[in-house]
Amino acid sequence: MTYQAPIREIMFNIEHLPPSPEAGAVGGGIELEDVGAALEALGRFCSDIVAPLSRVGDETGARFEGGETVLPEAYTQAYAQFAEMGWQSLPHPEEFGGMGLPRAAAAAATEILNASDLSFGLCPLLTDGAVEALLLTGSDAQKQTYLERMISGQWSGTMNLTEPQAGSDLGRVRCKAEPAADGTYAVSGTKIFITYGEHGLTENIIHLVLARTPSAPAGPKGLSLFIVPKFLVEEDGSLGRRNAVTCVSLEHKLGVRASPTAVLEYDGATGFLVGEENRGLENMFVMMRAARFAVGVQGVAVSERACQHALQYAQERVQSRPVDGSTKDAAPIIRHPDVQRMLLRMRALTEGGRALAIATAGWLDLAKQGDAEAEDMAEFLVPLVKAFCTERSLEVTSLGVQVHGGMGFIEETGVAQFYRDARILPIYEGTTAIQANDLLGRKVLRDGGATARRFAGMVQETEQALQGGNAQAQAVAKRLGETRQMFESSLKWLLNTAGKDLNAAFGGSVPFLMLTGNLAAAWQLGRSMLAASAKLEQGEDTGFMTRKIATAVFYAQHILVECGAENLRITEGSASLGDAALNL
């Protein structure tokens with residue numbers, strides 16, 4: 001089956017979930033209807049052109065032949081259409097040729113593109129991150145040289161951090177940057193796991209590379225950030241000679257096989273310093289935050305694709321009589337209670353992740369406007385989007401296989417690919433543990449839990465609003481309140497423990513992130529329930545609004561209740577960690 005973008009669901013979230021109208025689709029001269037029209041057009045393009053590539057890309061993959069990276073021919077044609085139609089430009093400033101849509105709309109566009117095909121969507125995703133990094137940290141000259149062509153999709157961008165000996169420990173990066181007399185740098189070293197590090201979809205590839213200058217201090221504080229283009233750019237904007245950066249191989253992967261993951265060798269390549277020396281990691285974090293948020297949205301995207309596939313199969317697959325005896329004949333499997341449970345769980349996790357991502361996009365837009373409290377809240381929520389949504393995508397895609405039964409284990413049905421593709425998402429751009437350590441260390445312990453308590457306070461406001469509703473709303477409020485108290489209990493335990501035993505505290509960091517992510521998604525579904533109830537009272541779109549309310553109730557009763565186990569893992573599980581693992 002093909003993919004259909006869930007525009008109605010997306011637009012409901014954009015309208016109701018950002019923290020203020022200015023952070024959503026309304027404002028800056030951009031109307032909600034304009035955003036909806038743009039996303040509908042993108043949805044048609046992705047359904048018709050990109051979604052069919054998913055199977056082709058999985059079967060053919062990216063190949064390295066004769067020193068060249070070869071993608072399926074259909075990818076080249078589709079990307080040319082993608083760039084020509086201006087889809088890369090949606091979230092970027094009009095000053096450089098962008099459409100200037102709010103981040104909530106940009107997140108929706110990222111979901112639609114990546115639900116169509118994760119492998120295809122990764123190229124624009126990395127370019128978006130590189131554009132954001134240059135917008136915030138590049139010089140005026142660098143912006144003028146690179147941004148317009150990147151925003152048009154004519155050129156693409158990459159992020160070069162990892163090296164064979166370093167992995168996620170960027171303090172061990174060895175790539176060198178020797179200063180030259182003309183103000184450029186000669187960059188040398190090997191970078192691995194570089195998504196779309198080499199390909200022929202665009203005329204040029206703009207690599208953002210972490211490297212060390214000769215006088216740099218050891219560790220992460222000695223890293224600088226450099227622009228190293230595949231082709232050097234002349235003063236008139238035309239392409240010059242090929243730079244000394246070479247793809248030496250492509251990785252053979254479990255999933256996203258048509259996304260070329262390159263090993264790049266820099267042999268004195270000409271690089272241009274971005275910002276100041278020794279502040280590269282700080283500058284790269286701009287791109288990393290954008291990429292981490294986008295990867296979380298990818299988790300929502302592949303979950304949506306799996307949901308659509310599983311639902312259609314369950315409606316068509318006839319097997320066994322219903323347990324209630326309502327018919328003597330075999331019925332579609334959607335009539336069976338456990339299949340219903342799996343489908344509802346898939347849908348609730350997907351909608352909860354989407355709601356969390358779009359609300360977080362609103363906080364990111366407020367932060368961009370200089371709101372310090374919004375910046376703190378955005379920083380708190382981004383690790384949740386990245387880790388919670390990607391970990392849950394593994395569950396959703398696995399359930400999609402299960403709904404298909406034995407046919408799900410057969411590649412021809414396509415659902416196994418979603419499971420394989422999803423598996424990278426909790427790993428790249430920082431593993432789940434890295435996100436959890438960031439959440440606990442930088443976002444909770446650093447400010448003594450102040451932002452976490454403010455988050456809990458906002459959840460409590462939603463609880464109180466729901467308590468004034470009907471029995472369903474009150475039931476959701478009850479579960480939210482119970483879980484919020486668990487969150488506050490875990491927070492208190494972590495704050496008290498960290499000063500005495502950091503290993504014990506960080507041993508609970510992943511359960512804490514999953515508890516917090518679960519609560520945050522439920523909070524946004526609670527806000528969705530309030531909005532849907534108000535619309536329902538007005539008689540608006542009753543079928544859709546009724547389903548929104550039912551999803552929030554299901555989430556509260558079947559998913560949010562799992563936070564009790566995470567709370568126990570945090571507050572009582574530390575004794576079984578530590579030295580016990582060393583004795584395995």
# chains A, B, ... in the order shown; residues from 1 in each chain; ligands from 1
>>> closest_atom_pairs(of="range 350-378 of chain A", to="range 95-115 of chain A", cutoff="9 Å", atoms="only C-alpha atoms", output="Markdown table")
| residue | atom | partner | partner_atom | distance |
| --- | --- | --- | --- | --- |
| A:Arg354 | CA | A:Ala108 | CA | 8.6 |
| A:Ala357 | CA | A:Ala107 | CA | 7.4 |
| A:Ile358 | CA | A:Ala104 | CA | 5.1 |
| A:Ala359 | CA | A:Ala104 | CA | 7.4 |
| A:Thr360 | CA | A:Ala104 | CA | 8.1 |
| A:Ala361 | CA | A:Ala104 | CA | 4.9 |
| A:Gly362 | CA | A:Ala104 | CA | 5.9 |
| A:Leu364 | CA | A:Arg103 | CA | 7.4 |
| A:Asp365 | CA | A:Arg103 | CA | 6.2 |
>>> write_last_selection(atoms="N, CA and C atoms", output="JSON list (two decimals), in the first residue's frame")
[["chain", "number", "residue", "atom", "x", "y", "z"],
["A", 354, "ARG", "N", 3.80, 12.44, 17.97],
["A", 354, "ARG", "CA", 3.60, 13.60, 17.08],
["A", 354, "ARG", "C", 3.20, 14.84, 17.88],
["A", 357, "ALA", "N", 6.21, 16.24, 19.62],
["A", 357, "ALA", "CA", 7.16, 16.86, 18.70],
["A", 357, "ALA", "C", 6.66, 18.24, 18.25],
["A", 358, "ILE", "N", 5.40, 18.34, 17.91],
["A", 358, "ILE", "CA", 4.89, 19.62, 17.40],
["A", 358, "ILE", "C", 4.82, 20.65, 18.52],
["A", 359, "ALA", "N", 4.45, 20.23, 19.73],
["A", 359, "ALA", "CA", 4.48, 21.16, 20.86],
["A", 359, "ALA", "C", 5.91, 21.65, 21.13],
["A", 360, "THR", "N", 6.87, 20.73, 21.08],
["A", 360, "THR", "CA", 8.27, 21.10, 21.29],
["A", 360, "THR", "C", 8.75, 22.06, 20.21],
["A", 361, "ALA", "N", 8.31, 21.85, 18.98],
["A", 361, "ALA", "CA", 8.67, 22.78, 17.90],
["A", 361, "ALA", "C", 8.22, 24.19, 18.24],
["A", 362, "GLY", "N", 7.04, 24.32, 18.86],
["A", 362, "GLY", "CA", 6.58, 25.63, 19.28],
["A", 362, "GLY", "C", 7.48, 26.26, 20.32],
["A", 364, "LEU", "N", 10.66, 25.65, 20.62],
["A", 364, "LEU", "CA", 11.89, 26.01, 19.91],
["A", 364, "LEU", "C", 11.74, 27.34, 19.19],
["A", 365, "ASP", "N", 10.56, 27.58, 18.61],
["A", 365, "ASP", "CA", 10.33, 28.85, 17.93],
["A", 365, "ASP", "C", 10.30, 30.01, 18.93]]
>>> residues_around(residues="range 271-278 of chain A", least_positions_apart="6", cutoff="10 Å", atoms="only C-alpha atoms", output="PyMOL selection string")
chain A and resi 133-134+136-139+142+177-180+183-188+207-213+215-217+220-229+232+243-244+284
>>> write_last_selection(atoms="N, CA and C atoms", output="compact mmCIF listing (two decimals), in the first residue's frame")
# COMPACT_ATOMS: atom_id res chain seq x y z
N ALA A 133 22.94 25.59 11.52
CA ALA A 133 24.23 25.87 12.14
C ALA A 133 24.89 27.10 11.51
N LEU A 134 24.85 27.20 10.19
CA LEU A 134 25.46 28.34 9.53
C LEU A 134 24.68 29.63 9.78
N LEU A 136 23.25 30.49 12.49
CA LEU A 136 23.51 30.98 13.84
C LEU A 136 24.99 31.22 14.12
N THR A 137 25.88 30.55 13.40
CA THR A 137 27.30 30.65 13.75
C THR A 137 28.20 31.07 12.59
N GLY A 138 27.70 31.04 11.36
CA GLY A 138 28.53 31.39 10.22
C GLY A 138 28.72 32.89 10.08
N SER A 139 29.75 33.28 9.37
CA SER A 139 29.99 34.70 9.08
C SER A 139 29.03 35.15 7.98
N GLN A 142 30.12 33.68 4.74
CA GLN A 142 29.78 32.26 4.61
C GLN A 142 28.29 32.07 4.32
N ALA A 177 43.51 20.39 11.66
CA ALA A 177 43.30 21.54 10.77
C ALA A 177 44.50 22.47 10.90
N GLU A 178 45.35 22.45 9.89
CA GLU A 178 46.56 23.28 9.89
C GLU A 178 46.27 24.62 9.22
N PRO A 179 46.54 25.76 9.90
CA PRO A 179 46.27 27.07 9.30
C PRO A 179 47.20 27.34 8.11
N ALA A 180 46.63 27.97 7.09
CA ALA A 180 47.41 28.36 5.91
C ALA A 180 47.54 29.87 5.87
N GLY A 183 44.46 32.25 5.28
CA GLY A 183 43.36 32.26 6.23
C GLY A 183 42.51 31.01 6.21
N THR A 184 42.77 30.09 5.26
CA THR A 184 42.07 28.82 5.23
C THR A 184 42.82 27.81 6.11
N TYR A 185 42.30 26.60 6.17
CA TYR A 185 42.93 25.53 6.95
C TYR A 185 43.01 24.28 6.09
N ALA A 186 44.08 23.50 6.31
CA ALA A 186 44.22 22.20 5.64
C ALA A 186 43.73 21.12 6.60
N VAL A 187 42.62 20.52 6.27
CA VAL A 187 41.95 19.55 7.15
C VAL A 187 42.34 18.14 6.75
N SER A 188 42.81 17.35 7.73
CA SER A 188 43.25 15.98 7.46
C SER A 188 42.72 15.03 8.54
N HIS A 207 30.34 19.99 3.80
CA HIS A 207 30.63 19.24 5.02
C HIS A 207 30.95 20.21 6.16
N LEU A 208 30.32 20.03 7.30
CA LEU A 208 30.70 20.73 8.52
C LEU A 208 31.50 19.74 9.36
N VAL A 209 32.76 20.08 9.61
CA VAL A 209 33.73 19.13 10.13
C VAL A 209 34.33 19.62 11.45
N LEU A 210 34.34 18.75 12.45
CA LEU A 210 35.05 19.03 13.70
C LEU A 210 36.50 18.59 13.57
N ALA A 211 37.43 19.50 13.90
CA ALA A 211 38.86 19.17 13.82
C ALA A 211 39.62 20.02 14.84
N ARG A 212 40.91 19.70 15.01
CA ARG A 212 41.75 20.39 15.99
C ARG A 212 42.82 21.22 15.29
N THR A 213 42.99 22.42 15.75
CA THR A 213 44.11 23.23 15.28
C THR A 213 45.36 22.85 16.08
N SER A 215 47.41 24.29 18.11
CA SER A 215 47.57 24.77 19.48
C SER A 215 46.36 24.46 20.36
N ALA A 216 45.45 23.65 19.86
CA ALA A 216 44.20 23.40 20.59
C ALA A 216 44.45 22.58 21.85
N PRO A 217 43.73 22.87 22.93
CA PRO A 217 43.83 22.04 24.13
C PRO A 217 43.23 20.66 23.88
N PRO A 220 37.28 17.85 24.41
CA PRO A 220 36.24 18.48 23.59
C PRO A 220 36.38 19.98 23.46
N LYS A 221 37.04 20.65 24.42
CA LYS A 221 37.19 22.10 24.35
C LYS A 221 38.23 22.54 23.33
N GLY A 222 38.92 21.58 22.72
CA GLY A 222 39.92 21.92 21.72
C GLY A 222 39.44 21.72 20.29
N LEU A 223 38.13 21.54 20.10
CA LEU A 223 37.60 21.30 18.77
C LEU A 223 37.14 22.59 18.12
N SER A 224 37.39 22.70 16.83
CA SER A 224 36.91 23.82 16.03
C SER A 224 36.04 23.27 14.90
N LEU A 225 35.20 24.14 14.34
CA LEU A 225 34.27 23.73 13.29
C LEU A 225 34.68 24.36 11.97
N PHE A 226 34.67 23.55 10.91
CA PHE A 226 35.11 24.01 9.60
C PHE A 226 34.10 23.64 8.52
N ILE A 227 33.94 24.55 7.57
CA ILE A 227 33.23 24.24 6.33
C ILE A 227 34.25 23.65 5.38
N VAL A 228 33.97 22.45 4.90
CA VAL A 228 34.84 21.81 3.90
C VAL A 228 33.96 21.36 2.74
N PRO A 229 33.83 22.16 1.70
CA PRO A 229 32.96 21.78 0.58
C PRO A 229 33.59 20.71 -0.29
N LEU A 232 35.27 23.42 -4.15
CA LEU A 232 35.48 24.77 -3.68
C LEU A 232 34.63 25.74 -4.48
N ASN A 243 37.74 19.40 -3.95
CA ASN A 243 38.51 19.48 -2.72
C ASN A 243 39.10 18.11 -2.38
N ALA A 244 40.08 18.10 -1.47
CA ALA A 244 40.79 16.86 -1.13
C ALA A 244 40.03 16.08 -0.05
N MET A 284 28.68 23.29 16.81
CA MET A 284 28.09 22.09 16.22
C MET A 284 26.83 21.66 16.98
>>> atom_distance(atom1="CA of Ala471 in chain A", atom2="CA of Phe455 in chain A")
25.3 Å
>>> closest_residue(among="A:Arg484, A:Arg347, A:Arg547, A:Arg321", to="Arg335 in chain A", atoms="only C-alpha atoms")
A:Arg321
>>> residues_around(residues="Leu425 in chain A", least_positions_apart="2", cutoff="7 Å", atoms="only C-alpha atoms", output="PyMOL selection string")
chain A and resi 295+299+390+422-423+427-428
>>> write_last_selection(atoms="C-alpha atoms", output="short mmCIF file (atom, residue, chain, number, x, y, z; two decimals), in the first residue's frame")
data_model
loop_
_atom_site.label_atom_id
_atom_site.label_comp_id
_atom_site.auth_asym_id
_atom_site.auth_seq_id
_atom_site.Cartn_x
_atom_site.Cartn_y
_atom_site.Cartn_z
CA VAL A 295 15.43 12.18 14.28
CA GLY A 299 10.51 8.03 14.82
CA THR A 390 12.57 6.71 18.53
CA ALA A 422 13.59 2.24 12.71
CA ARG A 423 16.43 0.44 14.49
CA ILE A 427 21.38 5.16 17.96
CA TYR A 428 22.45 7.97 15.66
#
>>> closest_atom_pairs(of="range 463-517 of chain A", to="range 525-544 of chain A", cutoff="10 Å", atoms="only C-alpha atoms", output="JSON lines")
{"residue": "A:Glu463", "atom": "CA", "partner": "A:Gly526", "partner_atom": "CA", "distance": 7.8}
{"residue": "A:Ala465", "atom": "CA", "partner": "A:Leu530", "partner_atom": "CA", "distance": 7.8}
{"residue": "A:Leu466", "atom": "CA", "partner": "A:Leu530", "partner_atom": "CA", "distance": 6.9}
{"residue": "A:Gly469", "atom": "CA", "partner": "A:Leu530", "partner_atom": "CA", "distance": 8.4}
{"residue": "A:Asn470", "atom": "CA", "partner": "A:Ser533", "partner_atom": "CA", "distance": 9.5}
{"residue": "A:Gln472", "atom": "CA", "partner": "A:Met529", "partner_atom": "CA", "distance": 9.6}
{"residue": "A:Ala473", "atom": "CA", "partner": "A:Met529", "partner_atom": "CA", "distance": 7.6}
{"residue": "A:Val476", "atom": "CA", "partner": "A:Gly526", "partner_atom": "CA", "distance": 7.2}
{"residue": "A:Ala477", "atom": "CA", "partner": "A:Gly526", "partner_atom": "CA", "distance": 7.8}
{"residue": "A:Leu480", "atom": "CA", "partner": "A:Gly526", "partner_atom": "CA", "distance": 8.4}
>>> write_last_selection(atoms="N, CA and C atoms", output="PDB file, in the first residue's frame")
ATOM      1  N   GLU A 463      -4.086  18.842  33.967  1.00  0.00           N
ATOM      2  CA  GLU A 463      -4.900  17.975  34.838  1.00  0.00           C
ATOM      3  C   GLU A 463      -6.121  18.717  35.359  1.00  0.00           C
ATOM      4  N   ALA A 465      -7.597  21.367  34.240  1.00  0.00           N
ATOM      5  CA  ALA A 465      -8.569  21.673  33.190  1.00  0.00           C
ATOM      6  C   ALA A 465      -9.396  20.443  32.840  1.00  0.00           C
ATOM      7  N   LEU A 466      -8.758  19.276  32.811  1.00  0.00           N
ATOM      8  CA  LEU A 466      -9.476  18.045  32.491  1.00  0.00           C
ATOM      9  C   LEU A 466     -10.445  17.643  33.600  1.00  0.00           C
ATOM     10  N   GLY A 469     -14.061  18.422  33.185  1.00  0.00           N
ATOM     11  CA  GLY A 469     -14.767  17.830  32.052  1.00  0.00           C
ATOM     12  C   GLY A 469     -15.616  16.643  32.450  1.00  0.00           C
ATOM     13  N   ASN A 470     -15.927  15.813  31.462  1.00  0.00           N
ATOM     14  CA  ASN A 470     -16.776  14.643  31.704  1.00  0.00           C
ATOM     15  C   ASN A 470     -15.969  13.508  32.328  1.00  0.00           C
ATOM     16  N   GLN A 472     -14.684  10.804  31.084  1.00  0.00           N
ATOM     17  CA  GLN A 472     -13.470  10.429  30.345  1.00  0.00           C
ATOM     18  C   GLN A 472     -12.336  11.395  30.655  1.00  0.00           C
ATOM     19  N   ALA A 473     -12.631  12.678  30.633  1.00  0.00           N
ATOM     20  CA  ALA A 473     -11.607  13.685  30.911  1.00  0.00           C
ATOM     21  C   ALA A 473     -11.077  13.540  32.328  1.00  0.00           C
ATOM     22  N   VAL A 476      -8.624  10.649  32.554  1.00  0.00           N
ATOM     23  CA  VAL A 476      -7.304  11.010  32.042  1.00  0.00           C
ATOM     24  C   VAL A 476      -6.578  11.905  33.040  1.00  0.00           C
ATOM     25  N   ALA A 477      -7.310  12.853  33.635  1.00  0.00           N
ATOM     26  CA  ALA A 477      -6.709  13.733  34.643  1.00  0.00           C
ATOM     27  C   ALA A 477      -6.146  12.929  35.811  1.00  0.00           C
ATOM     28  N   LEU A 480      -2.923  11.277  34.717  1.00  0.00           N
ATOM     29  CA  LEU A 480      -1.880  12.293  34.599  1.00  0.00           C
ATOM     30  C   LEU A 480      -1.365  12.705  35.971  1.00  0.00           C
TER      31      LEU A 480
END
>>> closest_atom_pairs(of="range 2-56 of chain A", to="range 409-421 of chain A", cutoff="12 Å", atoms="only C-alpha atoms", output="tab-separated table")
residue	atom	partner	partner_atom	distance
A:Thr2	CA	A:Gly414	CA	10.8
A:Ala51	CA	A:Gly414	CA	11.9
A:Pro52	CA	A:Gly414	CA	11.4
A:Ser54	CA	A:Gln417	CA	8.9
A:Arg55	CA	A:Gly414	CA	7.3
A:Val56	CA	A:Gly414	CA	10.9
>>> residues_around(residues="Asp438 in chain A", least_positions_apart="6", cutoff="10 Å", atoms="only C-alpha atoms", output="PyMOL selection string")
chain A and resi 379-380+383+430+432+444-445+509+513
>>> atom_distance(atom1="CA of Tyr75 in chain A", atom2="CA of Ser156 in chain A")
14.5 Å
>>> closest_residue(among="A:Ser303, A:Ser152, A:Gln298, A:Ser259", to="Thr127 in chain A", atoms="only C-alpha atoms")
A:Ser152
>>> select_by_dssp(residues="range 115-334 of chain A", states="strand (DSSP E or B)", output="ChimeraX atom specification")
/A:155-160,176-179,185-195,204-212,223-229,231-233,239-242,245-250,261-274,318,332
>>> closest_residue(among="A:Gly57, A:Gly449, A:Gly121, A:Gly36", to="Ala294 in chain A", atoms="only C-alpha atoms")
A:Gly121
>>> select_by_dssp(residues="range 247-453 of chain A", states="helix (DSSP H, G or I)", output="VMD selection string")
chain A and resid 280 to 316 333 to 335 337 to 368 372 to 409 411 to 413 415 to 422 432 to 445 450 to 453
>>> closest_residue(among="A:Leu42, A:Met342, A:Ala450, A:Ala290", to="Ala83 in chain A", atoms="only C-alpha atoms")
A:Leu42
>>> decode(residues="range 327-364 of chain A", atoms="C-alpha atoms", output="mmCIF file, in the first residue's frame")
data_model
loop_
_atom_site.group_PDB
_atom_site.id
_atom_site.type_symbol
_atom_site.label_atom_id
_atom_site.label_comp_id
_atom_site.auth_asym_id
_atom_site.auth_seq_id
_atom_site.Cartn_x
_atom_site.Cartn_y
_atom_site.Cartn_z
ATOM 1 C CA THR A 327 -20.627 -14.319 13.322
ATOM 2 C CA LYS A 328 -20.124 -17.982 12.504
ATOM 3 C CA ASP A 329 -17.755 -17.191 9.681
ATOM 4 C CA ALA A 330 -14.164 -16.030 9.742
ATOM 5 C CA ALA A 331 -13.923 -12.266 10.041
ATOM 6 C CA PRO A 332 -11.307 -9.573 9.341
ATOM 7 C CA ILE A 333 -8.729 -9.748 12.089
ATOM 8 C CA ILE A 334 -9.538 -6.192 13.181
ATOM 9 C CA ARG A 335 -12.570 -7.791 14.875
ATOM 10 C CA HIS A 336 -10.292 -9.672 17.302
ATOM 11 C CA PRO A 337 -9.662 -7.950 20.674
ATOM 12 C CA ASP A 338 -5.892 -8.313 20.781
ATOM 13 C CA VAL A 339 -5.466 -7.043 17.246
ATOM 14 C CA GLN A 340 -7.573 -4.055 18.279
ATOM 15 C CA ARG A 341 -5.305 -3.564 21.285
ATOM 16 C CA MET A 342 -2.180 -3.631 19.122
ATOM 17 C CA LEU A 343 -3.596 -1.237 16.541
ATOM 18 C CA LEU A 344 -4.790 1.186 19.206
ATOM 19 C CA ARG A 345 -1.418 1.029 20.941
ATOM 20 C CA MET A 346 0.376 1.744 17.682
ATOM 21 C CA ARG A 347 -1.929 4.669 16.983
ATOM 22 C CA ALA A 348 -1.720 6.116 20.509
ATOM 23 C CA LEU A 349 2.089 5.956 20.604
ATOM 24 C CA THR A 350 2.317 7.569 17.176
ATOM 25 C CA GLU A 351 -0.127 10.364 17.967
ATOM 26 C CA GLY A 352 1.471 10.945 21.365
ATOM 27 C CA GLY A 353 4.901 11.270 19.772
ATOM 28 C CA ARG A 354 3.598 13.602 17.082
ATOM 29 C CA ALA A 355 1.854 15.799 19.648
ATOM 30 C CA LEU A 356 5.018 16.006 21.741
ATOM 31 C CA ALA A 357 7.161 16.862 18.702
ATOM 32 C CA ILE A 358 4.892 19.622 17.401
ATOM 33 C CA ALA A 359 4.479 21.163 20.862
ATOM 34 C CA THR A 360 8.269 21.099 21.285
ATOM 35 C CA ALA A 361 8.667 22.777 17.899
ATOM 36 C CA GLY A 362 6.581 25.633 19.284
ATOM 37 C CA TRP A 363 8.887 25.975 22.277
ATOM 38 C CA LEU A 364 11.892 26.010 19.911
#
